[in-house]
$ cat input.cif   # mmCIF, C-alpha atoms
data_coords
#
loop_
_atom_site.label_atom_id
_atom_site.label_comp_id
_atom_site.auth_asym_id
_atom_site.auth_seq_id
_atom_site.Cartn_x
_atom_site.Cartn_y
_atom_site.Cartn_z
CA MET A 58 112.04 130.85 128.45
CA ASN A 59 114.58 133.04 126.58
CA PRO A 60 113.87 134.30 123.03
CA ALA A 61 116.03 131.63 121.36
CA GLN A 62 114.26 128.87 123.29
CA GLN A 63 110.93 130.44 122.39
CA GLN A 64 111.83 130.35 118.71
CA ALA A 65 113.16 126.81 119.01
CA ILE A 66 109.93 125.51 120.52
CA GLN A 67 107.90 127.42 117.93
CA GLU A 68 109.81 125.75 115.08
CA LEU A 69 109.37 122.32 116.65
CA LEU A 70 105.62 122.71 117.26
CA LEU A 71 105.01 124.19 113.84
CA LYS A 72 106.77 121.47 111.86
CA MET A 73 105.06 118.72 113.87
CA ALA A 74 101.64 120.34 113.49
CA ASP A 75 102.15 120.98 109.77
CA ASP A 76 103.25 117.38 109.17
CA ALA A 77 100.11 116.16 110.97
CA LEU A 78 97.80 118.56 109.15
CA ILE A 79 99.14 117.83 105.66
CA LEU A 80 99.44 114.07 106.11
CA GLY A 81 95.98 114.07 107.70
CA HIS A 82 94.65 115.75 104.57
CA ARG A 83 96.44 113.28 102.29
CA ASN A 84 95.18 110.28 104.29
CA SER A 85 91.64 111.61 104.05
CA GLU A 86 91.91 111.44 100.25
CA TRP A 87 91.55 107.64 100.60
CA VAL A 88 87.98 108.04 101.87
CA GLY A 89 85.76 106.22 99.38
CA LEU A 90 88.78 104.84 97.48
CA GLY A 91 90.34 102.38 99.94
CA PRO A 92 91.06 98.91 98.53
CA THR A 93 88.78 97.32 101.18
CA LEU A 94 86.15 98.85 103.44
CA GLU A 95 88.31 98.25 106.53
CA GLU A 96 91.27 100.04 104.94
CA ASP A 97 89.08 102.92 103.86
CA ILE A 98 87.96 103.31 107.50
CA ALA A 99 91.52 102.83 108.79
CA PHE A 100 92.91 105.68 106.68
CA ALA A 101 89.93 107.89 107.54
CA SER A 102 90.48 107.20 111.26
CA ILE A 103 94.21 107.86 111.04
CA ALA A 104 93.44 111.09 109.17
CA GLN A 105 91.04 112.14 111.93
CA ASP A 106 93.68 111.40 114.59
CA LYS A 107 96.25 113.46 112.66
CA LEU A 108 93.93 116.46 112.52
CA GLY A 109 93.40 116.07 116.28
CA HIS A 110 97.17 116.09 116.80
CA ALA A 111 97.57 119.15 114.58
CA LEU A 112 94.85 120.95 116.54
CA ALA A 113 96.44 120.08 119.90
CA LEU A 114 99.83 121.39 118.69
CA TYR A 115 98.46 124.58 117.07
CA THR A 116 96.56 125.18 120.34
CA ILE A 117 99.82 125.07 122.31
CA LEU A 118 101.32 127.52 119.80
CA HIS A 119 98.33 129.81 120.35
CA GLU A 120 98.17 129.56 124.14
CA HIS A 121 101.86 129.43 125.03
CA VAL A 122 103.89 130.86 122.14
CA GLY A 123 101.64 133.73 121.05
CA ALA A 124 100.62 132.44 117.60
CA ALA A 125 97.22 133.23 116.05
CA ASP A 126 94.31 130.87 116.68
CA PRO A 127 94.58 127.35 115.23
CA ASP A 128 92.20 127.89 112.28
CA THR A 129 94.03 131.02 111.15
CA VAL A 130 97.43 129.34 111.40
CA ALA A 131 96.19 126.22 109.57
CA PHE A 132 94.24 127.90 106.77
CA MET A 133 95.61 131.41 106.23
CA ARG A 134 99.38 130.99 105.97
CA SER A 135 101.19 131.16 102.66
CA GLU A 136 103.00 128.04 101.45
CA LYS A 137 106.41 129.52 102.33
CA LEU A 138 105.49 129.61 106.03
CA PHE A 139 104.69 125.89 106.20
CA LYS A 140 107.35 123.69 107.82
CA CYS A 141 106.17 120.23 106.76
CA CYS A 142 108.58 117.73 105.20
CA HIS A 143 108.23 116.70 101.55
CA LEU A 144 107.20 113.14 102.48
CA VAL A 145 103.77 114.28 103.72
CA GLU A 146 103.15 116.56 100.72
CA MET A 147 103.42 113.86 98.07
CA PRO A 148 100.18 112.76 96.40
CA ILE A 149 98.68 109.52 97.71
CA GLY A 150 99.94 107.56 94.69
CA GLY A 151 99.04 103.88 94.88
CA TYR A 152 98.08 102.12 98.08
CA ASP A 153 101.62 100.73 98.21
CA PHE A 154 103.15 104.22 98.45
CA SER A 155 100.55 105.46 100.95
CA LEU A 156 101.08 102.43 103.21
CA MET A 157 104.85 102.78 103.07
CA ARG A 158 104.63 106.50 103.88
CA HIS A 159 102.26 105.65 106.75
CA PHE A 160 104.75 103.09 108.10
CA LEU A 161 107.85 105.30 107.81
CA PHE A 162 106.19 108.46 109.10
CA ASP A 163 104.14 106.98 111.93
CA THR A 164 107.06 104.97 113.28
CA ALA A 165 109.02 108.24 113.54
CA ASP A 166 105.99 110.03 114.97
CA ALA A 167 105.44 107.37 117.67
CA LEU A 168 109.11 107.62 118.72
CA ARG A 169 109.01 111.42 118.65
CA TYR A 170 106.01 111.57 121.01
CA GLU A 171 107.59 108.94 123.24
CA MET A 172 110.68 111.18 123.56
CA LEU A 173 108.54 114.30 124.07
CA ALA A 174 106.53 112.67 126.88
CA THR A 175 109.37 113.71 129.21
CA SER A 176 109.95 117.13 127.62
CA MET A 177 110.79 119.99 129.98
CA PHE A 178 108.23 122.04 128.05
CA GLU A 179 105.26 120.82 130.05
CA PRO A 180 102.37 121.71 127.66
CA LEU A 181 104.01 119.61 124.94
CA ALA A 182 104.85 116.79 127.35
CA GLN A 183 101.18 116.57 128.39
CA VAL A 184 99.95 116.35 124.80
CA ALA A 185 102.69 113.83 123.93
CA ARG A 186 101.68 111.54 126.79
CA LYS A 187 98.17 111.49 125.33
CA ILE A 188 99.05 111.15 121.64
CA ARG A 189 101.57 108.33 122.06
CA GLY A 190 98.72 106.02 123.13
CA GLU A 191 96.73 106.86 120.00
CA ILE A 192 99.69 106.32 117.68
CA GLN A 193 100.22 102.78 118.95
CA TYR A 194 97.24 101.86 116.76
CA HIS A 195 98.79 103.56 113.72
CA THR A 196 102.09 101.71 113.96
CA MET A 197 100.31 98.45 114.72
CA HIS A 198 98.23 98.86 111.55
CA ALA A 199 101.25 99.81 109.45
CA ASN A 200 103.43 96.96 110.74
CA ILE A 201 100.78 94.32 109.99
CA TRP A 202 100.39 95.47 106.37
CA ILE A 203 104.09 95.97 105.65
CA LYS A 204 104.78 92.41 106.82
CA GLN A 205 101.78 90.87 105.04
CA LEU A 206 102.43 92.53 101.70
CA GLY A 207 106.21 92.11 101.94
CA ARG A 208 105.68 88.36 102.43
CA GLY A 209 102.74 88.15 100.02
CA THR A 210 102.92 87.50 96.30
CA GLU A 211 105.81 88.35 93.97
CA GLU A 212 103.85 91.37 92.81
CA SER A 213 103.01 92.66 96.29
CA LYS A 214 106.62 92.24 97.38
CA ALA A 215 107.97 94.05 94.31
CA ARG A 216 105.51 96.87 94.75
CA MET A 217 106.32 97.35 98.44
CA GLN A 218 110.05 97.34 97.68
CA SER A 219 109.61 99.95 94.99
CA ALA A 220 107.43 102.04 97.34
CA LEU A 221 110.21 101.83 99.95
CA ASN A 222 112.81 102.93 97.39
CA GLU A 223 110.68 105.95 96.57
CA ALA A 224 109.60 106.88 100.11
CA TYR A 225 112.86 106.30 102.00
CA PRO A 226 114.84 109.40 100.83
CA LEU A 227 111.73 111.49 101.49
CA ALA A 228 111.36 109.92 104.95
CA LEU A 229 114.97 110.87 105.78
CA GLY A 230 113.77 114.45 105.25
CA ILE A 231 111.62 114.14 108.39
CA PHE A 232 114.84 114.57 110.36
CA GLU A 233 116.03 117.81 108.73
CA GLN A 234 117.36 119.92 111.59
CA SER A 235 116.27 123.45 112.36
CA SER A 236 118.83 126.11 113.23
CA PHE A 237 117.63 125.85 116.85
CA GLU A 238 118.43 122.18 117.36
CA GLN A 239 120.98 122.83 120.11
CA GLU A 240 118.57 125.11 122.03
CA LEU A 241 115.99 122.33 122.09
CA ILE A 242 118.53 119.81 123.35
CA ASP A 243 120.11 122.15 125.94
CA ALA A 244 116.72 123.18 127.35
CA GLY A 245 115.60 119.55 127.63
CA PHE A 246 112.65 120.26 125.33
CA PHE A 247 113.54 117.56 122.79
CA ALA A 248 116.56 115.26 122.36
CA GLY A 249 116.85 116.30 118.70
CA GLU A 250 116.35 114.99 115.17
CA GLN A 251 119.61 113.04 115.08
CA ALA A 252 118.68 111.06 118.21
CA LEU A 253 115.22 110.44 116.79
CA LYS A 254 116.61 109.26 113.46
CA GLU A 255 118.89 106.74 115.19
CA ARG A 256 115.96 105.28 117.12
CA TRP A 257 113.84 105.24 113.98
CA LEU A 258 116.41 103.27 111.98
CA LYS A 259 116.62 100.70 114.79
CA THR A 260 112.83 100.40 114.91
CA ILE A 261 112.01 100.10 111.20
CA GLN A 262 114.77 97.55 110.53
CA PRO A 263 113.21 94.50 112.26
CA VAL A 264 109.84 95.16 110.57
CA LEU A 265 111.50 95.46 107.15
CA ASP A 266 113.53 92.30 107.86
CA ALA A 267 110.35 90.40 108.73
CA ALA A 268 108.79 91.72 105.53
CA GLY A 269 111.83 90.73 103.44
CA LEU A 270 112.33 94.34 102.29
CA HIS A 271 115.65 96.18 102.00
CA LEU A 272 116.56 99.82 102.55
CA PRO A 273 117.85 101.27 99.26
CA ASP A 274 121.61 101.93 99.11
CA GLY A 275 123.09 105.41 99.07
CA SER A 276 119.87 107.34 99.67
CA GLN A 277 120.29 111.08 100.07
CA PRO A 278 117.77 112.81 102.37
CA VAL A 279 115.30 115.13 100.67
CA PHE A 280 115.58 118.34 102.67
CA GLY A 281 113.99 121.78 102.31
CA GLY A 282 110.55 121.41 103.83
CA ARG A 283 111.58 122.56 107.30
CA MET A 284 113.03 125.74 105.76
CA GLY A 285 109.87 126.54 103.79
CA TYR A 286 110.92 125.10 100.40
CA HIS A 287 108.22 122.75 99.18
CA THR A 288 107.25 120.45 96.34
CA GLU A 289 104.87 121.51 93.58
CA TYR A 290 102.19 119.42 95.32
CA LEU A 291 101.77 121.50 98.48
CA GLN A 292 100.16 124.66 97.06
CA PRO A 293 97.28 122.85 95.30
CA LEU A 294 96.64 120.92 98.55
CA LEU A 295 96.53 124.19 100.55
CA ASP A 296 94.18 125.74 97.99
CA GLU A 297 91.78 122.85 98.31
CA MET A 298 92.05 122.58 102.09
CA SER A 299 91.38 126.27 102.72
CA GLU A 300 88.77 126.81 100.00
CA VAL A 301 85.76 126.96 102.33
CA PHE A 302 87.56 128.94 105.04
CA ALA A 303 88.86 131.47 102.50
CA THR A 304 85.37 131.94 101.05
CA ASP A 305 83.87 132.84 104.43
CA PRO A 306 86.16 132.74 107.48
CA THR A 307 83.21 133.39 109.82
CA ALA A 308 81.03 130.56 108.50
CA GLU A 309 79.75 128.11 111.11
CA TRP A 310 78.27 124.68 110.59
CA MET B 262 70.00 127.02 148.08
CA THR B 263 73.71 127.03 147.37
CA THR B 264 75.18 124.70 144.82
CA THR B 265 78.09 122.48 145.87
CA GLU B 266 80.76 120.73 143.82
CA HIS B 267 78.99 117.49 144.69
CA ASP B 268 75.85 118.84 142.97
CA ILE B 269 77.90 119.57 139.84
CA TRP B 270 79.26 116.01 139.76
CA GLN B 271 75.72 114.71 140.09
CA ALA B 272 74.50 116.96 137.28
CA LEU B 273 77.31 115.72 135.06
CA GLU B 274 75.96 112.19 135.41
CA ASP B 275 73.03 113.37 133.26
CA VAL B 276 75.36 114.39 130.39
CA MET B 277 75.80 111.50 127.96
CA ASP B 278 78.43 110.64 125.40
CA PRO B 279 76.56 111.58 122.18
CA GLU B 280 77.90 108.48 120.44
CA ILE B 281 76.99 106.08 123.31
CA PRO B 282 73.93 107.82 124.75
CA ARG B 283 73.58 105.71 127.93
CA LEU B 284 77.17 106.32 129.05
CA SER B 285 77.64 109.54 131.06
CA VAL B 286 80.72 111.72 130.75
CA VAL B 287 81.50 110.84 134.40
CA ASP B 288 81.43 107.07 133.73
CA LEU B 289 83.39 107.61 130.51
CA GLY B 290 86.11 109.18 132.67
CA VAL B 291 86.58 112.40 130.71
CA ILE B 292 85.84 114.72 133.65
CA THR B 293 89.12 115.45 135.42
CA GLY B 294 88.13 118.31 137.70
CA VAL B 295 85.18 120.27 139.11
CA ARG B 296 85.56 123.52 141.01
CA LEU B 297 83.32 126.35 142.20
CA ASP B 298 85.20 129.63 142.50
CA ASP B 299 84.55 132.54 144.91
CA ASN B 300 82.18 134.18 142.41
CA ASN B 301 80.05 131.02 142.25
CA VAL B 302 81.32 130.22 138.74
CA ALA B 303 81.47 126.49 137.99
CA HIS B 304 84.67 125.27 136.32
CA VAL B 305 84.53 121.82 134.73
CA THR B 306 87.75 120.38 133.35
CA MET B 307 87.49 117.64 130.74
CA THR B 308 89.97 115.70 128.63
CA PRO B 309 89.26 114.07 125.25
CA THR B 310 89.21 110.28 124.77
CA PHE B 311 91.01 110.86 121.45
CA SER B 312 92.56 114.20 120.53
CA GLY B 313 90.63 114.17 117.24
CA CYS B 314 87.28 113.26 118.82
CA PRO B 315 84.54 115.29 117.10
CA ALA B 316 82.12 114.68 120.01
CA LEU B 317 84.25 116.86 122.30
CA HIS B 318 82.44 120.09 121.38
CA VAL B 319 79.02 118.49 121.73
CA MET B 320 79.94 117.15 125.17
CA SER B 321 81.34 120.48 126.27
CA ASP B 322 78.17 122.34 125.11
CA ASP B 323 75.95 119.75 126.86
CA ILE B 324 77.97 120.10 130.07
CA ARG B 325 77.60 123.88 130.01
CA GLU B 326 73.87 123.63 129.41
CA ARG B 327 73.24 121.07 132.17
CA VAL B 328 75.38 122.75 134.86
CA LYS B 329 73.78 126.12 134.08
CA MET B 330 70.51 124.66 135.37
CA LEU B 331 72.04 124.69 138.87
CA SER B 332 72.22 127.96 140.79
CA VAL B 333 75.64 129.05 139.58
CA ALA B 334 76.74 132.43 138.19
CA ASP B 335 78.31 130.90 135.08
CA VAL B 336 79.88 127.71 133.73
CA VAL B 337 83.33 127.46 132.16
CA VAL B 338 84.42 124.20 130.51
CA HIS B 339 88.19 123.76 130.23
CA VAL B 340 89.77 121.20 127.89
CA SER B 341 93.06 119.98 129.34
CA TYR B 342 95.62 117.25 128.76
CA GLU B 343 97.09 117.61 132.25
CA ILE B 344 95.40 114.37 133.29
CA PRO B 345 95.17 112.47 129.98
CA TRP B 346 92.33 110.05 129.33
CA ASN B 347 93.07 106.37 129.03
CA SER B 348 90.59 103.51 128.86
CA ASN B 349 91.23 102.47 132.51
CA ARG B 350 89.35 105.66 133.45
CA ILE B 351 85.99 104.14 132.40
CA SER B 352 84.12 103.30 135.63
CA GLU B 353 82.89 99.81 136.54
CA ARG B 354 79.34 101.01 135.97
CA GLY B 355 80.45 102.38 132.59
CA ARG B 356 81.85 98.96 131.66
CA GLY B 357 78.57 97.35 132.58
CA ILE B 358 76.65 99.82 130.42
CA LEU B 359 78.99 99.21 127.46
CA HIS B 360 78.45 95.46 127.80
CA GLU B 361 74.66 95.87 127.99
CA MET B 362 74.74 97.99 124.84
CA GLY B 363 76.58 95.28 122.92
CA PHE B 364 80.13 96.67 123.14
CA ALA B 365 83.03 94.70 124.53
CA PRO B 366 84.49 96.90 127.31
CA PRO B 367 88.23 97.66 127.01
CA PRO B 368 90.50 95.29 128.94
CA LYS B 369 92.46 96.93 131.77
CA HIS B 370 96.05 97.65 130.78
CA ASP B 371 99.28 98.67 132.43
CA GLY B 372 100.35 101.46 130.07
CA TYR B 373 101.04 99.54 126.88
CA ILE B 374 98.59 97.83 124.53
CA LYS B 375 99.83 94.51 123.22
CA LEU B 376 98.51 92.81 120.13
CA ASP B 377 97.36 89.68 121.97
CA VAL B 378 95.13 91.80 124.23
CA LEU B 379 93.37 93.04 121.11
CA SER B 380 92.82 89.61 119.63
CA ASP B 381 91.56 87.98 122.85
CA VAL B 382 88.22 89.74 123.26
CA ALA B 383 85.11 88.12 124.77
CA CYS B 384 82.03 88.41 122.57
CA PRO B 385 79.52 90.73 124.33
CA PHE B 386 76.63 88.59 123.06
CA CYS B 387 77.70 85.00 123.90
CA ASN B 388 80.91 85.53 125.97
CA SER B 389 82.90 83.23 123.65
CA HIS B 390 86.62 83.97 123.28
CA ASN B 391 86.61 82.43 119.80
CA THR B 392 86.75 85.90 118.20
CA THR B 393 89.06 87.75 115.83
CA MET B 394 89.77 91.44 115.39
CA GLN B 395 88.74 92.53 111.89
CA SER B 396 90.19 96.02 112.15
CA PRO B 397 91.59 98.23 114.92
CA PHE B 398 89.63 101.10 113.35
CA GLY B 399 85.84 101.20 113.62
CA PRO B 400 82.89 103.57 113.18
CA THR B 401 84.38 106.01 115.70
CA LEU B 402 87.99 106.56 116.81
CA CYS B 403 87.35 104.79 120.12
CA ARG B 404 85.91 101.55 118.68
CA SER B 405 87.43 98.53 116.88
CA ILE B 406 85.63 95.85 114.81
CA HIS B 407 85.60 92.16 115.82
CA TYR B 408 83.87 88.96 114.73
CA CYS B 409 82.63 86.12 116.92
CA HIS B 410 83.03 82.67 115.34
CA SER B 411 80.77 81.03 117.96
CA CYS B 412 77.63 83.10 117.43
CA GLN B 413 78.70 84.41 114.00
CA GLN B 414 78.07 87.97 114.99
CA ALA B 415 80.14 91.07 114.27
CA PHE B 416 80.63 93.29 117.30
CA GLU B 417 82.57 96.34 118.41
CA GLN B 418 85.01 96.82 121.22
CA PHE B 419 85.59 100.08 123.04
CA LYS B 420 89.34 100.23 122.35
CA PRO B 421 91.90 99.97 125.11
CA VAL B 422 94.05 103.11 124.98
CA ALA B 423 97.18 103.60 127.05
#

$ encode --input "input.cif" --output "structure tokens"
Amino acid sequence: MNPAQQQAIQELLLKMADDALILGHRNSEWVGLGPTLEEDIAFASIAQDKLGHALALYTILHEHVGAADPDTVAFMRSEKLFKCCHLVEMPIGGYDFSLMRHFLFDTADALRYEMLATSMFEPLAQVARKIRGEIQYHTMHANIWIKQLGRGTEESKARMQSALNEAYPLALGIFEQSSFEQELIDAGFFAGEQALKERWLKTIQPVLDAAGLHLPDGSQPVFGGRMGYHTEYLQPLLDEMSEVFATDPTAEW
Amino acid sequence: MTTTEHDIWQALEDVMDPEIPRLSVVDLGVITGVRLDDNNVAHVTMTPTFSGCPALHVMSDDIRERVKMLSVADVVVHVSYEIPWNSNRISERGRGILHEMGFAPPPKHDGYIKLDVLSDVACPFCNSHNTTMQSPFGPTLCRSIHYCHSCQQAFEQFKPVA
């Protein structure tokens, strides 16, 4: 692997791992607050999966790209060095927003891992072949709720539409390209954000149609996260997440 | 007496999934390789059922402890995704044990899990197919929650995973 390819794969792994870590943390905030017991457990389970995905990706960074160990990378970096998109940083809001974010993000995530299952970067391909099976349950859960609430009462429909209006520009930010996009494509590591976005649009459309929801017109993508520019919500999340680790990095329990 | 790889496999049958304590790690299908190297060090390769499974560390500690009881110089447990776990890897005996313990075993799949497979689950208590899935997420990542309308009993399924 040449230095540019090395950097390209590092950027890709880091943004995917950071998305999983931060969204995992956000999803876990529903524990004890879910609207029904089953939904409480669903968000807790999805959160646990996300942390597993983050760990698998940080482990590849550590073992193959020379990064520090996963705990250090997850808990000791400054905000500026995070590469997550703004969508995952946003507070949980109402259940409508959290469900819509779950639907938009996990559909993209499922397609991303599907594409990466044939990556020429074998360590990532192996992890992707595993994770894609787990994510089938996330998209299944999201699709059921988007359709049920979209076709539910006037209020549920209005709330899901307004959640979509809010989350969609943020979701477009998932596909912000790094400056190494071409290296990833040329090396056969990943077919790129543009290709992923096209598949994503084709996949969310039939679900939204079935739910009677409409993509908002003229949405501009919210970019910045992949370059290290974040919302005001990320730093407080990082403070909370790393509180125990920062107090005593050698603690065991 | 020298230890063989066969002895290691046999020892691993004593190591149970901490969340389903009658199901061994061998029957669960998480052991993907066993090797004794020239220095008599045992290498056991395992793969997680779910990447976020918190039982992974417990299983890997238990494996180390059990294999150390054999006459080997050391034990190294490797976690690898080279051969990923999927629910078809659970052995026939493992399925039987799941059923005896009140879990519906995962249906065999061909690489993709369809919704109708999840909703058509036989009740492990009365074998009725008049059941519904309550939630694809249960008390652990690998279990879903179902309800049997025939015997009016909630039960869990060990989830099919592709």

$ resolve_selection --input "input.cif" --expression "the PyMOL selection byres ((chain A and resi 76-82) around 6)" --output "ChimeraX atom specification"
/A:73-75,83-85,104,107-108,111,141,145

$ residues_around --input "input.cif" --residues "Arg134 of chain A" --least-positions-apart "6" --cutoff "12 Å" --atoms "all atoms listed in the file" --output "number ranges by chain"
A: 71, 75, 124-128, 140, 285, 292, 295-296, 298-299, 303

$ resolve_selection --input "input.cif" --expression "the PyMOL selection byres ((chain A) within 9 of (chain B))" --output "VMD selection string"
chain A and resid 95 to 96 98 to 103 105 to 113 180 183 to 184 186 to 191 193 to 194 197 to 198

$ residues_around --input "input.cif" --residues "Leu359 of chain B" --least-positions-apart "2" --cutoff "10 Å" --atoms "only C-alpha atoms" --output "ChimeraX atom specification"
/B:281,283-284,289,351,353-357,361-367,385,418-419

$ atom_distance --input "input.cif" --atom1 "atom CA of Ala65 of chain A" --atom2 "atom CA of Glu240 of chain A"
6.4 Å

$ atom_distance --input "input.cif" --atom1 "atom CA of Ser411 of chain B" --atom2 "atom CA of Phe386 of chain B"
10.0 Å

$ atom_distance --input "input.cif" --atom1 "atom CA of Met394 of chain B" --atom2 "atom CA of Leu379 of chain B"
6.9 Å

$ residues_near_point --input "input.cif" --point "(78.6, 127.8, 131.7)" --cutoff "6 Å" --atoms "only C-alpha atoms" --output "VMD selection string"
chain B and resid 325 329 335 to 337

$ write_last_selection --input "input.cif" --atoms "C-alpha atoms" --output "PDB file, in the coordinates of the input"
ATOM      1  CA  ARG B 325      77.600 123.880 130.010  1.00  0.00           C
ATOM      2  CA  LYS B 329      73.780 126.120 134.080  1.00  0.00           C
ATOM      3  CA  ASP B 335      78.310 130.900 135.080  1.00  0.00           C
ATOM      4  CA  VAL B 336      79.880 127.710 133.730  1.00  0.00           C
ATOM      5  CA  VAL B 337      83.330 127.460 132.160  1.00  0.00           C
TER       6      VAL B 337
END

$ residues_around --input "input.cif" --residues "Asp268 of chain B" --least-positions-apart "4" --cutoff "12 Å" --atoms "only C-alpha atoms" --output "ChimeraX atom specification"
/B:262-264,272-275,295-297,303,327-333
